[in-house]
>>> print(open('input30.txt').read())   # compact mmCIF, C-alpha atoms and all ligand atoms
# COMPACT_ATOMS: atom_id res chain seq x y z
CA MET P 846 0.00 0.00 0.00
CA THR P 847 1.15 3.49 -0.72
CA THR P 848 0.62 5.66 2.29
CA SER P 849 2.20 8.73 0.79
CA THR P 850 0.99 11.93 2.32
CA SER P 851 2.72 14.03 -0.30
CA ALA P 852 0.78 17.17 -1.06
CA SER P 853 2.35 17.74 -4.46
CA ALA P 854 1.79 15.80 -7.62
CA LYS P 855 4.91 14.26 -9.08
CA ALA P 856 6.31 15.72 -12.26
CA GLU P 857 7.71 12.81 -14.19
CA PRO P 858 9.56 12.68 -17.50
CA ARG P 859 7.57 11.07 -20.30
CA THR P 860 9.84 8.04 -20.09
CA GLY P 861 9.63 7.08 -16.44
CA GLY P 862 11.53 8.45 -13.43
CA HIS P 863 10.06 11.05 -11.20
CA GLY P 864 10.96 13.53 -8.57
CA ALA P 865 8.62 13.66 -5.64
CA THR P 866 8.37 16.75 -3.53
CA ALA P 867 7.49 16.63 0.12
CA GLY P 868 4.27 18.40 0.83
CA HIS P 869 2.93 21.07 3.10
CA ALA P 870 -0.49 20.81 4.52
CA THR P 871 -1.33 24.49 4.62
CA PRO P 872 -4.54 25.45 2.81
CA GLU P 873 -4.04 26.82 -0.70
CA PRO P 874 -6.33 28.49 -3.23
CA LEU P 875 -8.43 25.82 -4.88
CA HIS P 876 -7.59 26.78 -8.44
CA ARG P 877 -3.93 25.81 -7.88
CA LEU P 878 -4.82 22.29 -6.81
CA ALA P 879 -5.78 19.13 -8.64
CA LEU P 880 -8.08 16.44 -7.29
CA CYS P 881 -7.24 12.95 -8.53
CA ARG P 882 -10.31 11.41 -10.13
CA GLU P 883 -9.11 7.87 -9.39
CA CYS P 884 -8.23 8.08 -5.67
CA ASP P 885 -9.72 11.43 -4.53
CA TRP P 886 -6.35 12.78 -3.35
CA LEU P 887 -5.91 16.55 -3.39
CA VAL P 888 -2.50 17.64 -4.70
CA ARG P 889 -0.71 20.82 -5.66
CA LEU P 890 0.34 20.72 -9.30
CA PRO P 891 4.11 21.21 -9.67
CA ASP P 892 5.77 23.35 -12.31
CA ARG P 893 6.55 21.01 -15.18
CA ARG P 894 9.52 21.25 -17.49
CA PRO P 895 8.98 20.40 -21.16
CA GLY P 896 8.54 16.64 -21.55
CA GLN P 897 7.21 16.15 -18.01
CA ARG P 898 3.72 15.29 -16.92
CA ALA P 899 2.23 15.34 -13.44
CA ARG P 900 0.92 12.24 -11.77
CA CYS P 901 -0.87 11.51 -8.55
CA PRO P 902 1.65 10.59 -5.81
CA ARG P 903 -0.77 8.09 -4.35
CA CYS P 904 -2.35 6.11 -7.23
CA HIS P 905 -0.01 7.23 -10.06
CA HIS P 906 -2.89 8.42 -12.24
CA HIS P 907 -1.74 11.03 -14.77
CA LEU P 908 -3.17 14.38 -13.78
CA THR P 909 -1.87 16.32 -16.78
CA GLY P 910 -0.52 15.64 -20.25
CA THR P 911 3.10 16.17 -21.28
CA ALA P 912 4.23 19.77 -20.88
CA GLY P 913 5.72 21.73 -23.75
CA ARG P 914 3.98 19.86 -26.55
CA ASP P 915 2.70 21.74 -29.53
CA ALA P 916 -0.99 22.33 -28.78
CA GLN P 917 -1.80 22.18 -32.48
CA ALA P 918 -0.18 18.76 -33.03
CA PRO P 919 -3.32 16.70 -32.20
CA MET P 920 -5.26 18.85 -34.67
CA ALA P 921 -2.82 18.09 -37.51
CA TRP P 922 -2.96 14.34 -36.81
CA ALA P 923 -6.75 14.45 -36.49
CA ILE P 924 -7.10 16.16 -39.88
CA ALA P 925 -4.80 13.54 -41.46
CA ALA P 926 -6.87 10.73 -39.87
CA LEU P 927 -10.12 12.24 -41.22
CA ILE P 928 -8.70 12.51 -44.76
CA VAL P 929 -7.53 8.88 -44.71
CA LEU P 930 -10.94 7.84 -43.30
CA GLY P 931 -12.51 9.41 -46.41
CA LEU P 932 -10.27 7.20 -48.58
CA VAL P 933 -11.55 4.07 -46.78
CA PHE P 934 -14.97 4.64 -48.36
CA ALA P 935 -13.61 5.50 -51.81
CA PHE P 936 -11.98 2.16 -52.68
CA PRO P 937 -12.64 -1.61 -52.40
CA PHE P 938 -11.73 -3.20 -49.04
CA LEU P 939 -11.02 -6.91 -49.71
CA GLY P 940 -11.37 -9.34 -52.62
CA PHE P 941 -12.50 -12.98 -52.30
CA SER P 942 -12.58 -15.82 -54.82
CA THR P 943 -12.95 -19.59 -54.65
CA HIS P 944 -13.39 -22.11 -57.49
CA GLY P 945 -13.82 -19.30 -59.99
CA VAL P 946 -16.58 -17.57 -57.97
CA GLY P 947 -15.67 -14.36 -56.23
CA HIS P 948 -16.47 -10.77 -55.41
CA VAL P 949 -14.95 -7.59 -54.05
CA MET P 950 -16.30 -6.02 -50.86
CA SER P 951 -16.18 -2.42 -49.77
CA PHE P 952 -16.06 -1.34 -46.12
CA GLY P 953 -19.72 -0.26 -46.27
CA ASP P 954 -20.76 -3.75 -47.48
CA THR P 955 -20.09 -5.09 -43.96
CA MET P 956 -23.04 -3.06 -42.68
CA SER P 957 -25.43 -4.04 -45.50
CA ALA P 958 -24.52 -7.75 -45.16
CA LEU P 959 -25.28 -7.71 -41.41
CA VAL P 960 -28.54 -5.81 -41.95
CA GLY P 961 -29.49 -8.25 -44.74
CA ASP P 962 -28.97 -11.19 -42.36
CA GLY P 963 -31.22 -9.58 -39.73
CA TYR P 964 -28.42 -8.37 -37.46
CA GLY P 965 -28.99 -4.62 -37.77
CA ALA P 966 -27.87 -4.03 -34.17
CA LEU P 967 -24.46 -5.55 -34.92
CA ALA P 968 -24.20 -3.36 -38.05
CA VAL P 969 -24.92 -0.25 -35.95
CA LEU P 970 -22.35 -1.37 -33.36
CA LEU P 971 -19.71 -1.95 -36.05
CA LEU P 972 -20.37 1.37 -37.78
CA ALA P 973 -20.45 3.32 -34.51
CA THR P 974 -17.27 1.88 -32.99
CA THR P 975 -15.08 1.90 -36.11
CA VAL P 976 -16.19 5.00 -38.02
CA VAL P 977 -18.93 7.18 -36.48
CA PHE P 978 -17.56 7.69 -32.95
CA PRO P 979 -13.93 8.14 -34.10
CA GLY P 980 -14.98 10.40 -37.00
CA LEU P 981 -17.12 12.66 -34.80
CA TYR P 982 -14.42 12.65 -32.14
CA LEU P 983 -11.72 13.73 -34.60
CA ALA P 984 -13.90 16.43 -36.20
CA ALA P 985 -14.86 17.83 -32.77
CA LEU P 986 -11.23 17.77 -31.68
CA VAL P 987 -10.18 19.78 -34.74
CA TYR P 988 -12.89 22.33 -33.91
CA LEU P 989 -11.77 22.56 -30.26
CA CYS P 990 -8.07 22.92 -31.17
CA LEU P 991 -8.88 25.54 -33.81
CA GLY P 992 -10.81 27.59 -31.30
CA ALA P 993 -8.63 26.92 -28.24
CA GLY P 994 -7.60 30.18 -26.65
CA GLN P 995 -10.57 32.05 -28.08
CA ARG P 996 -13.16 32.68 -25.44
CA ARG P 997 -16.78 31.79 -26.10
CA LEU P 998 -16.21 29.39 -28.96
CA PRO P 999 -19.82 28.29 -29.58
CA GLY P 1000 -20.56 24.86 -28.14
CA ALA P 1001 -16.94 24.19 -27.10
CA ILE P 1002 -17.67 23.28 -23.48
CA PRO P 1003 -20.54 20.79 -24.10
CA LEU P 1004 -18.51 19.29 -26.96
CA ALA P 1005 -15.41 18.83 -24.79
CA ARG P 1006 -17.58 17.22 -22.10
CA LEU P 1007 -18.83 14.65 -24.62
CA LEU P 1008 -15.49 13.63 -26.13
CA ARG P 1009 -13.66 11.82 -23.35
CA PRO P 1010 -16.43 9.30 -22.61
CA LEU P 1011 -16.27 8.30 -26.30
CA GLU P 1012 -12.62 7.20 -26.13
CA PRO P 1013 -13.13 3.60 -24.88
CA TRP P 1014 -15.73 3.05 -27.62
CA MET P 1015 -13.42 3.79 -30.55
CA MET P 1016 -12.30 0.36 -31.78
CA SER P 1017 -10.75 0.72 -35.23
CA ASP P 1018 -7.56 -1.00 -33.98
CA VAL P 1019 -9.62 -3.94 -32.67
CA PHE P 1020 -11.39 -4.13 -36.04
CA ILE P 1021 -8.05 -4.49 -37.87
CA VAL P 1022 -7.12 -7.47 -35.69
CA GLY P 1023 -10.61 -8.87 -36.41
CA VAL P 1024 -10.00 -8.54 -40.18
CA LEU P 1025 -6.60 -10.23 -39.93
CA VAL P 1026 -8.03 -13.12 -37.88
CA SER P 1027 -10.84 -13.51 -40.45
CA LEU P 1028 -8.35 -13.64 -43.31
CA ILE P 1029 -6.22 -16.29 -41.64
CA LYS P 1030 -9.35 -18.33 -40.88
CA ILE P 1031 -10.36 -18.57 -44.55
CA VAL P 1032 -7.05 -18.29 -46.36
CA SER P 1033 -6.90 -22.07 -46.87
CA LEU P 1034 -10.40 -22.11 -48.39
CA ALA P 1035 -10.20 -19.20 -50.81
CA ASP P 1036 -7.99 -16.59 -52.46
CA ILE P 1037 -7.99 -13.29 -50.58
CA HIS P 1038 -6.87 -9.99 -52.06
CA ILE P 1039 -6.07 -7.01 -49.87
CA ARG P 1040 -7.30 -3.80 -51.54
CA VAL P 1041 -6.50 -0.09 -51.11
CA SER P 1042 -9.27 0.64 -48.62
CA PHE P 1043 -7.96 -1.92 -46.10
CA VAL P 1044 -4.48 -0.34 -46.22
CA ALA P 1045 -6.11 3.09 -45.80
CA PHE P 1046 -8.07 1.77 -42.79
CA CYS P 1047 -4.83 0.59 -41.14
CA PHE P 1048 -3.29 4.05 -41.61
CA TYR P 1049 -6.46 5.68 -40.28
CA ALA P 1050 -6.35 3.49 -37.14
CA LEU P 1051 -2.68 4.38 -36.56
CA LEU P 1052 -3.33 8.10 -37.05
CA LEU P 1053 -6.25 7.91 -34.62
CA LEU P 1054 -4.10 6.21 -31.97
CA ARG P 1055 -1.38 8.82 -32.42
CA THR P 1056 -3.93 11.64 -32.07
CA LEU P 1057 -5.22 10.15 -28.82
CA THR P 1058 -1.74 9.96 -27.32
CA LEU P 1059 -1.04 13.62 -28.17
CA ILE P 1060 -4.11 15.18 -26.55
CA ASP P 1061 -3.44 16.94 -23.26
CA TRP P 1062 -6.93 17.26 -21.83
CA SER P 1063 -5.88 19.42 -18.89
CA ALA P 1064 -4.24 21.96 -21.26
CA LEU P 1065 -7.14 21.79 -23.72
CA TRP P 1066 -9.67 22.45 -20.95
CA ASN P 1067 -7.57 25.36 -19.70
CA ALA P 1068 -7.56 26.82 -23.22
CA ILE P 1069 -11.31 26.35 -23.72
CA ALA P 1070 -12.41 27.43 -20.24
CA PRO P 1071 -9.80 28.50 -17.68
CA ARG P 1072 -10.51 27.39 -14.14
CA PRO P 1073 -12.30 30.08 -12.10
CA ALA P 1074 -10.52 31.29 -8.99
CA PRO P 1075 -13.04 31.09 -6.11
CA ASP P 1076 -12.11 32.51 -2.71
CA TYR P 1077 -11.90 29.02 -1.36
CA ARG P 1078 -8.86 27.30 0.10
CA ALA P 1079 -8.24 23.61 0.57
CA ARG P 1080 -5.52 21.51 2.11
CA PRO P 1081 -3.45 19.40 -0.31
CA GLY P 1082 -2.25 16.01 0.90
CA ALA P 1083 -5.69 14.87 2.06
CA SER P 1084 -8.73 13.38 0.40
CA GLY P 1085 -11.16 15.66 -1.39
CA ARG P 1086 -14.11 14.08 0.35
CA SER P 1087 -12.78 14.95 3.81
CA GLN P 1088 -12.92 18.60 2.71
CA SER P 1089 -16.29 18.39 0.92
CA LEU P 1090 -14.61 18.64 -2.48
CA ALA P 1091 -15.37 16.62 -5.60
CA ALA P 1092 -13.57 16.44 -8.93
CA CYS P 1093 -15.78 17.25 -11.92
CA ARG P 1094 -16.16 13.98 -13.87
CA ALA P 1095 -15.96 15.92 -17.15
CA CYS P 1096 -13.20 18.51 -16.79
CA ASP P 1097 -11.43 17.33 -13.58
CA ALA P 1098 -11.75 20.72 -11.85
CA PRO P 1099 -12.27 20.31 -8.08
CA PHE P 1100 -15.13 22.22 -6.53
CA ALA P 1101 -16.91 22.58 -3.19
CA ILE P 1102 -19.90 20.26 -3.25
CA ASP P 1103 -21.76 21.98 -0.43
CA ARG P 1104 -21.61 25.32 -2.29
CA ASP P 1105 -21.87 24.48 -5.98
CA ARG P 1106 -24.43 22.18 -7.57
CA ARG P 1107 -22.65 22.50 -10.91
CA CYS P 1108 -18.99 22.47 -11.85
CA PRO P 1109 -18.01 26.17 -11.93
CA ARG P 1110 -15.85 25.58 -15.00
CA CYS P 1111 -17.87 23.38 -17.38
CA GLY P 1112 -21.31 23.57 -15.80
CA LYS P 1113 -21.69 19.79 -15.45
CA ARG P 1114 -24.35 19.12 -12.86
CA ARG P 1115 -23.75 17.08 -9.74
CA HIS P 1116 -26.62 14.81 -8.92
CA GLY P 1117 -27.02 12.73 -5.85
CA LEU P 1118 -27.11 9.32 -7.48
CA ARG P 1119 -30.43 7.52 -7.09
CA VAL P 1120 -28.77 4.13 -6.93
CA ASP P 1121 -25.50 3.25 -5.32
CA ARG P 1122 -22.80 3.02 -7.98
CA ILE P 1123 -21.64 -0.34 -6.72
CA GLN P 1124 -25.19 -1.67 -7.12
CA LEU P 1125 -25.20 -0.43 -10.70
CA THR P 1126 -21.92 -2.26 -11.38
CA TRP P 1127 -23.32 -5.41 -9.73
CA ALA P 1128 -26.46 -5.26 -11.88
CA LEU P 1129 -24.45 -4.86 -15.09
CA LEU P 1130 -22.09 -7.68 -14.11
CA LEU P 1131 -24.97 -10.02 -13.33
CA THR P 1132 -26.67 -9.27 -16.67
CA ALA P 1133 -23.37 -9.79 -18.53
CA THR P 1134 -22.82 -13.13 -16.75
CA LEU P 1135 -26.32 -14.34 -17.68
CA LEU P 1136 -25.85 -13.22 -21.29
CA TYR P 1137 -22.51 -15.05 -21.45
CA ILE P 1138 -24.42 -18.36 -21.29
CA PRO P 1139 -26.35 -17.96 -24.62
CA ALA P 1140 -23.25 -16.32 -26.11
CA ASN P 1141 -21.46 -19.64 -25.65
CA LEU P 1142 -24.34 -22.06 -26.19
CA TYR P 1143 -25.61 -20.56 -29.47
CA PRO P 1144 -23.53 -20.55 -32.66
CA VAL P 1145 -21.75 -17.29 -33.49
CA LEU P 1146 -21.76 -18.20 -37.18
CA PHE P 1147 -23.03 -20.74 -39.70
CA THR P 1148 -20.86 -22.03 -42.53
CA VAL P 1149 -23.18 -22.85 -45.43
CA THR P 1150 -21.57 -25.26 -47.91
CA LEU P 1151 -23.73 -26.51 -50.80
CA GLY P 1152 -26.92 -25.74 -48.87
CA ASN P 1153 -25.71 -27.47 -45.72
CA ALA P 1154 -25.48 -25.04 -42.74
CA GLN P 1155 -22.92 -25.98 -40.13
CA PRO P 1156 -23.19 -24.05 -36.83
CA GLN P 1157 -20.08 -23.00 -34.91
CA THR P 1158 -19.94 -21.77 -31.31
CA ILE P 1159 -17.04 -19.73 -29.87
CA ALA P 1160 -15.46 -22.77 -28.18
CA ALA P 1161 -15.96 -24.95 -31.29
CA GLY P 1162 -14.30 -22.23 -33.40
CA VAL P 1163 -11.23 -22.24 -31.13
CA LEU P 1164 -11.02 -26.07 -31.19
CA HIS P 1165 -11.48 -26.10 -34.98
CA LEU P 1166 -8.61 -23.64 -35.45
CA ALA P 1167 -6.37 -25.56 -33.05
CA ALA P 1168 -7.14 -28.85 -34.81
CA ALA P 1169 -6.26 -27.26 -38.14
CA GLY P 1170 -2.88 -26.23 -36.70
CA ASP P 1171 -3.67 -22.47 -36.57
CA TRP P 1172 -2.41 -22.22 -32.99
CA PRO P 1173 -1.66 -18.47 -32.90
CA ILE P 1174 -5.15 -17.55 -34.14
CA ALA P 1175 -6.77 -20.13 -31.86
CA ALA P 1176 -4.87 -18.50 -28.98
CA VAL P 1177 -5.99 -14.97 -30.00
CA ILE P 1178 -9.66 -16.02 -30.15
CA PHE P 1179 -9.36 -18.02 -26.91
CA VAL P 1180 -7.83 -15.06 -25.06
CA ALA P 1181 -10.15 -12.41 -26.53
CA SER P 1182 -13.44 -14.33 -26.44
CA ILE P 1183 -13.10 -16.66 -23.47
CA MET P 1184 -10.31 -15.56 -21.12
CA VAL P 1185 -10.82 -11.77 -21.24
CA PRO P 1186 -14.62 -11.72 -20.61
CA ILE P 1187 -14.40 -14.29 -17.80
CA SER P 1188 -11.41 -12.65 -16.10
CA LYS P 1189 -13.06 -9.26 -16.48
CA ILE P 1190 -16.25 -10.43 -14.78
CA VAL P 1191 -14.24 -12.17 -12.02
CA ALA P 1192 -11.94 -9.14 -11.48
CA LEU P 1193 -14.82 -6.64 -11.33
CA THR P 1194 -16.75 -8.91 -8.95
CA TRP P 1195 -13.71 -9.08 -6.69
CA LEU P 1196 -13.21 -5.29 -6.88
CA CYS P 1197 -16.88 -4.69 -6.00
CA LEU P 1198 -16.46 -6.98 -2.97
CA ALA P 1199 -13.20 -5.23 -2.03
CA ALA P 1200 -14.64 -1.71 -2.37
CA ARG P 1201 -15.12 0.12 0.89
CA GLY P 1202 -12.81 -2.40 2.55
CA ARG P 1203 -10.03 -1.35 4.87
CA SER P 1204 -7.36 -3.58 3.43
CA GLY P 1205 -4.07 -1.95 2.48
CA ALA P 1206 -4.07 -3.07 -1.15
CA SER P 1207 -5.66 0.03 -2.67
CA LEU P 1208 -2.91 0.70 -5.21
CA ALA P 1209 -2.73 -2.93 -6.38
CA ARG P 1210 -6.51 -3.05 -6.74
CA THR P 1211 -6.56 0.23 -8.67
CA ARG P 1212 -3.96 -1.25 -11.04
CA ILE P 1213 -6.04 -4.39 -11.54
CA TYR P 1214 -9.01 -2.16 -12.33
CA ARG P 1215 -7.00 -0.22 -14.93
CA ILE P 1216 -5.88 -3.42 -16.69
CA THR P 1217 -9.46 -4.76 -16.62
CA GLU P 1218 -10.79 -1.57 -18.13
CA LYS P 1219 -8.12 -1.42 -20.86
CA ILE P 1220 -8.38 -5.01 -22.12
CA GLY P 1221 -12.18 -5.28 -22.25
CA ARG P 1222 -12.63 -3.77 -25.72
CA TRP P 1223 -10.38 -6.42 -27.30
CA SER P 1224 -13.10 -9.01 -26.72
CA MET P 1225 -14.89 -7.39 -29.64
CA ILE P 1226 -12.47 -9.17 -32.02
CA ASP P 1227 -14.77 -12.18 -32.44
CA VAL P 1228 -17.78 -9.97 -33.22
CA PHE P 1229 -15.76 -8.21 -35.93
CA VAL P 1230 -14.56 -11.58 -37.28
CA VAL P 1231 -18.19 -12.63 -37.74
CA ALA P 1232 -19.02 -9.32 -39.48
CA VAL P 1233 -16.07 -9.58 -41.91
CA LEU P 1234 -16.56 -13.30 -42.71
CA THR P 1235 -20.29 -12.78 -43.31
CA THR P 1236 -19.55 -10.06 -45.85
CA LEU P 1237 -16.50 -11.57 -47.47
CA VAL P 1238 -17.38 -15.25 -47.82
CA GLN P 1239 -20.14 -15.14 -50.41
CA ALA P 1240 -19.72 -17.65 -53.20
CA GLY P 1241 -23.37 -18.36 -53.93
CA ALA P 1242 -24.49 -21.94 -53.22
CA LEU P 1243 -20.87 -23.06 -53.10
CA MET P 1244 -19.99 -21.46 -49.79
CA ALA P 1245 -21.30 -18.70 -47.52
CA ILE P 1246 -21.00 -17.63 -43.90
CA GLU P 1247 -23.91 -16.22 -41.91
CA PRO P 1248 -23.97 -14.72 -38.42
CA GLY P 1249 -25.59 -16.65 -35.55
CA PRO P 1250 -27.48 -15.47 -32.43
CA GLY P 1251 -24.42 -16.18 -30.27
CA ALA P 1252 -22.60 -13.26 -31.92
CA ALA P 1253 -25.28 -10.75 -30.85
CA ALA P 1254 -25.32 -12.17 -27.30
CA PHE P 1255 -21.54 -12.02 -27.14
CA ALA P 1256 -21.49 -8.39 -28.34
CA GLY P 1257 -23.96 -7.68 -25.50
CA VAL P 1258 -21.56 -9.29 -22.99
CA VAL P 1259 -18.66 -7.14 -24.20
CA ILE P 1260 -20.70 -3.92 -24.05
CA LEU P 1261 -22.19 -4.69 -20.63
CA THR P 1262 -18.82 -5.57 -19.09
CA MET P 1263 -17.34 -2.37 -20.56
CA ILE P 1264 -20.15 -0.25 -19.06
CA ALA P 1265 -19.75 -2.17 -15.77
CA ALA P 1266 -16.04 -1.29 -15.69
CA LEU P 1267 -16.74 2.35 -16.54
CA SER P 1268 -19.43 2.55 -13.84
CA PHE P 1269 -17.06 1.31 -11.15
CA ASP P 1270 -15.78 4.09 -8.93
CA THR P 1271 -12.08 3.49 -8.14
CA ARG P 1272 -12.21 6.01 -5.31
CA LEU P 1273 -14.13 3.37 -3.30
CA LEU P 1274 -10.93 1.29 -3.22
CA TRP P 1275 -9.23 3.95 -1.08
CA PRO P 1276 -9.95 3.82 2.68
CA ASP P 1277 -10.18 7.56 3.35
CA TYR P 1278 -12.88 7.84 0.69
CA SER P 1279 -14.83 4.82 1.88
CA ASP P 1280 -14.65 5.71 5.57
CA ARG P 1281 -16.82 8.78 5.23
CA PRO P 1282 -19.92 7.71 3.32
CA GLU P 1283 -21.92 10.46 4.99
CA ALA P 1284 -19.67 13.26 3.75
CA ALA P 1285 -21.02 13.40 0.21
CA PRO P 1286 -23.35 11.53 -2.09
CA ASN P 1287 -21.87 9.67 -5.02
CA ASP P 1288 -21.24 11.43 -8.29
CA VAL P 1289 -23.06 10.31 -11.34
CA LEU P 1290 -21.14 8.63 -14.13
ZN ZN P 1301 -4.69 9.41 -7.36
ZN ZN P 1302 -16.30 20.51 -15.02
>>> encode(input="input30.txt", output="structure tokens")
Amino acid sequence: MTTSTSASAKAEPRTGGHGATAGHATPEPLHRLALCRECDWLVRLPDRRPGQRARCPRCHHHLTGTAGRDAQAPMAWAIAALIVLGLVFAFPFLGFSTHGVGHVMSFGDTMSALVGDGYGALAVLLLATTVVFPGLYLAALVYLCLGAGQRRLPGAIPLARLLRPLEPWMMSDVFIVGVLVSLIKIVSLADIHIRVSFVAFCFYALLLLRTLTLIDWSALWNAIAPRPAPDYRARPGASGRSQSLAACRACDAPFAIDRDRRCPRCGKRRHGLRVDRIQLTWALLLTATLLYIPANLYPVLFTVTLGNAQPQTIAAGVLHLAAAGDWPIAAVIFVASIMVPISKIVALTWLCLAARGRSGASLARTRIYRITEKIGRWSMIDVFVVAVLTTLVQAGALMAIEPGPGAAAFAGVVILTMIAALSFDTRLLWPDYSDRPEAAPNDVL
């Protein structure tokens, strides 16, 4: 357990080491302090040299981005990503042929094939996570960067509030792995041709990832809406809750909960939550666990050969690949579709049980939570494999692949476990937050 009582955040170089500064506990003006959203620790932000970023001395959560970076860099990368995304729709995606029968699919065909098979919800999920959410995110980011520094940019604050919650739902990188797995699965049955649009999609996914790593949300928020300076002082090196302070879930600015009903910077409302957050996480976990049963019992796809439909469940797909000697792909599907969802449900259940406990393992538990939250989206690989195979493998009566009900149930499991992870409040893993349940109601998501 880390029992650091340091009042100052640590400024660490981008590459690792850090220099901690011993803290004072004298009250300071609130606008000079940061409240860690992960462990509720109030810290004074240090002066950062270029290349350094500040992190929480207690839970090691990054409180700021890297100092000295060009504020316009994310905008340039975002524009490049948007241009390449346009190219994805302008060219064919993949080509398929077997025994003289073949066709070429575009990226958009994936949606129409799923809708045609009666799986419109999966088509919406695919379109939203690979193109719509990232596209809107990038366009909004360009707008915010263009207007950063100008006061009263119309709609900037509500837009900035919306963007960060979208980040876990952008899965173009997961989709690429799904396409590659699909190709390896059918490469022995047919000839596959990689076309321009697939290469463009890979570049788009890389540009998107690069854009995400360059954004410094603390600096961007300061440029859009500088933190107000209330005549309120707080003591760094203690929990926010013990001083009736809460961090805004949107812009991270700490504010006095007994005085302000809204965040004074971004205007996000604080509501007393009607249900306990832990209960919400429990409910989502239970639903995901129940849905995991049909996801495994029902076939995720049907292989139709000469009019004969052969169902395949997730486990059967893994065994089939292993039997055919495709061990690496069998391992990828096993990890993404079986190990990750189960370990995620088990880990979140354990964290819910451990919340509000007095054990000294807060930091270790927070780390387990972070890993759980990061890996969850990769379970979507199998859903994307089904979408790509359904679209690509169409050789008339000779051979076709159709989605099965298990795929929809499995997509539901992935989404529910992701929402469950996002609904979990890591501050409950820290004793000084849990010890004072009467001090403040929970924040909403
Ligand atoms: Zn922290
Ligand atoms: Zn705010």
>>> closest_atom_pairs(input="input30.txt", of="region 1212-1261 of chain P", to="region 952-967 of chain P", cutoff="8 Å", atoms="all atoms listed in the file", output="JSON lines")
{"residue": "P:Ala1232", "atom": "CA", "partner": "P:Thr955", "partner_atom": "CA", "distance": 6.3}
{"residue": "P:Val1233", "atom": "CA", "partner": "P:Thr955", "partner_atom": "CA", "distance": 6.4}
{"residue": "P:Thr1235", "atom": "CA", "partner": "P:Ala958", "partner_atom": "CA", "distance": 6.8}
{"residue": "P:Thr1236", "atom": "CA", "partner": "P:Thr955", "partner_atom": "CA", "distance": 5.3}
{"residue": "P:Glu1247", "atom": "CA", "partner": "P:Asp962", "partner_atom": "CA", "distance": 7.1}
{"residue": "P:Pro1248", "atom": "CA", "partner": "P:Asp962", "partner_atom": "CA", "distance": 7.3}
{"residue": "P:Ala1253", "atom": "CA", "partner": "P:Leu967", "partner_atom": "CA", "distance": 6.7}
{"residue": "P:Ala1256", "atom": "CA", "partner": "P:Leu967", "partner_atom": "CA", "distance": 7.8}
>>> residues_around(input="input30.txt", residues="Leu1065 (chain P)", least_positions_apart="3", cutoff="10 Å", atoms="all atoms listed in the file", output="compact mmCIF listing (two decimals) with C-alpha atoms, in the coordinates of the input")
# COMPACT_ATOMS: atom_id res chain seq x y z
CA GLY P 910 -0.52 15.64 -20.25
CA ALA P 916 -0.99 22.33 -28.78
CA LEU P 986 -11.23 17.77 -31.68
CA LEU P 989 -11.77 22.56 -30.26
CA CYS P 990 -8.07 22.92 -31.17
CA ALA P 993 -8.63 26.92 -28.24
CA GLY P 994 -7.60 30.18 -26.65
CA ALA P 1005 -15.41 18.83 -24.79
CA ILE P 1060 -4.11 15.18 -26.55
CA ASP P 1061 -3.44 16.94 -23.26
CA TRP P 1062 -6.93 17.26 -21.83
CA ALA P 1068 -7.56 26.82 -23.22
CA ILE P 1069 -11.31 26.35 -23.72
CA ALA P 1070 -12.41 27.43 -20.24
CA PRO P 1071 -9.80 28.50 -17.68
CA CYS P 1096 -13.20 18.51 -16.79
>>> closest_residue(input="input30.txt", among="P:Arg1094, P:Ile1102, P:Gln1124, P:Cys901", to="Pro1010 (chain P)", atoms="only C-alpha atoms")
P:Arg1094
>>> residues_around(input="input30.txt", residues="region 870-875 of chain P", least_positions_apart="4", cutoff="7 Å", atoms="only C-alpha atoms", output="list in words")
Ala852, Tyr1077, Arg1078, Ala1079, Arg1080, Pro1081 and Gly1082 of chain P
>>> residues_near_ligand(input="input30.txt", ligand="ligand ZN 1301 (chain P)", cutoff="7 Å", atoms="all atoms listed in the file", output="PyMOL selection string")
chain P and resi 881-886+901-906
>>> residues_near_ligand(input="input30.txt", ligand="ligand ZN 1302 (chain P)", cutoff="7 Å", atoms="only C-alpha atoms and all ligand atoms", output="VMD selection string")
chain P and resid 1093 to 1098 1108 to 1113
>>> write_last_selection(input="input30.txt", atoms="C-alpha atoms", output="compact mmCIF listing (two decimals), in the frame of the given file")
# COMPACT_ATOMS: atom_id res chain seq x y z
CA CYS P 1093 -15.78 17.25 -11.92
CA ARG P 1094 -16.16 13.98 -13.87
CA ALA P 1095 -15.96 15.92 -17.15
CA CYS P 1096 -13.20 18.51 -16.79
CA ASP P 1097 -11.43 17.33 -13.58
CA ALA P 1098 -11.75 20.72 -11.85
CA CYS P 1108 -18.99 22.47 -11.85
CA PRO P 1109 -18.01 26.17 -11.93
CA ARG P 1110 -15.85 25.58 -15.00
CA CYS P 1111 -17.87 23.38 -17.38
CA GLY P 1112 -21.31 23.57 -15.80
CA LYS P 1113 -21.69 19.79 -15.45
>>> atom_distance(input="input30.txt", atom1="CA of Pro891 (chain P)", atom2="CA of Pro1013 (chain P)")
29.0 Å
>>> closest_residue(input="input30.txt", among="P:Pro1099, P:Leu1054, P:Trp1223, P:Ser1017", to="Leu972 (chain P)", atoms="only C-alpha atoms")
P:Ser1017
>>> atom_distance(input="input30.txt", atom1="CA of Thr1126 (chain P)", atom2="CA of Phe1020 (chain P)")
26.9 Å
>>> residues_around(input="input30.txt", residues="Leu1166 (chain P)", least_positions_apart="2", cutoff="12 Å", atoms="all atoms listed in the file", output="ChimeraX atom specification")
/P:1026-1027,1029-1031,1033,1157,1159-1164,1168-1179
>>> residues_around(input="input30.txt", residues="region 1206-1216 of chain P", least_positions_apart="2", cutoff="12 Å", atoms="only C-alpha atoms", output="PyMOL selection string")
chain P and resi 846-849+882-884+901-906+1185+1188-1204+1218-1223+1263+1265-1279
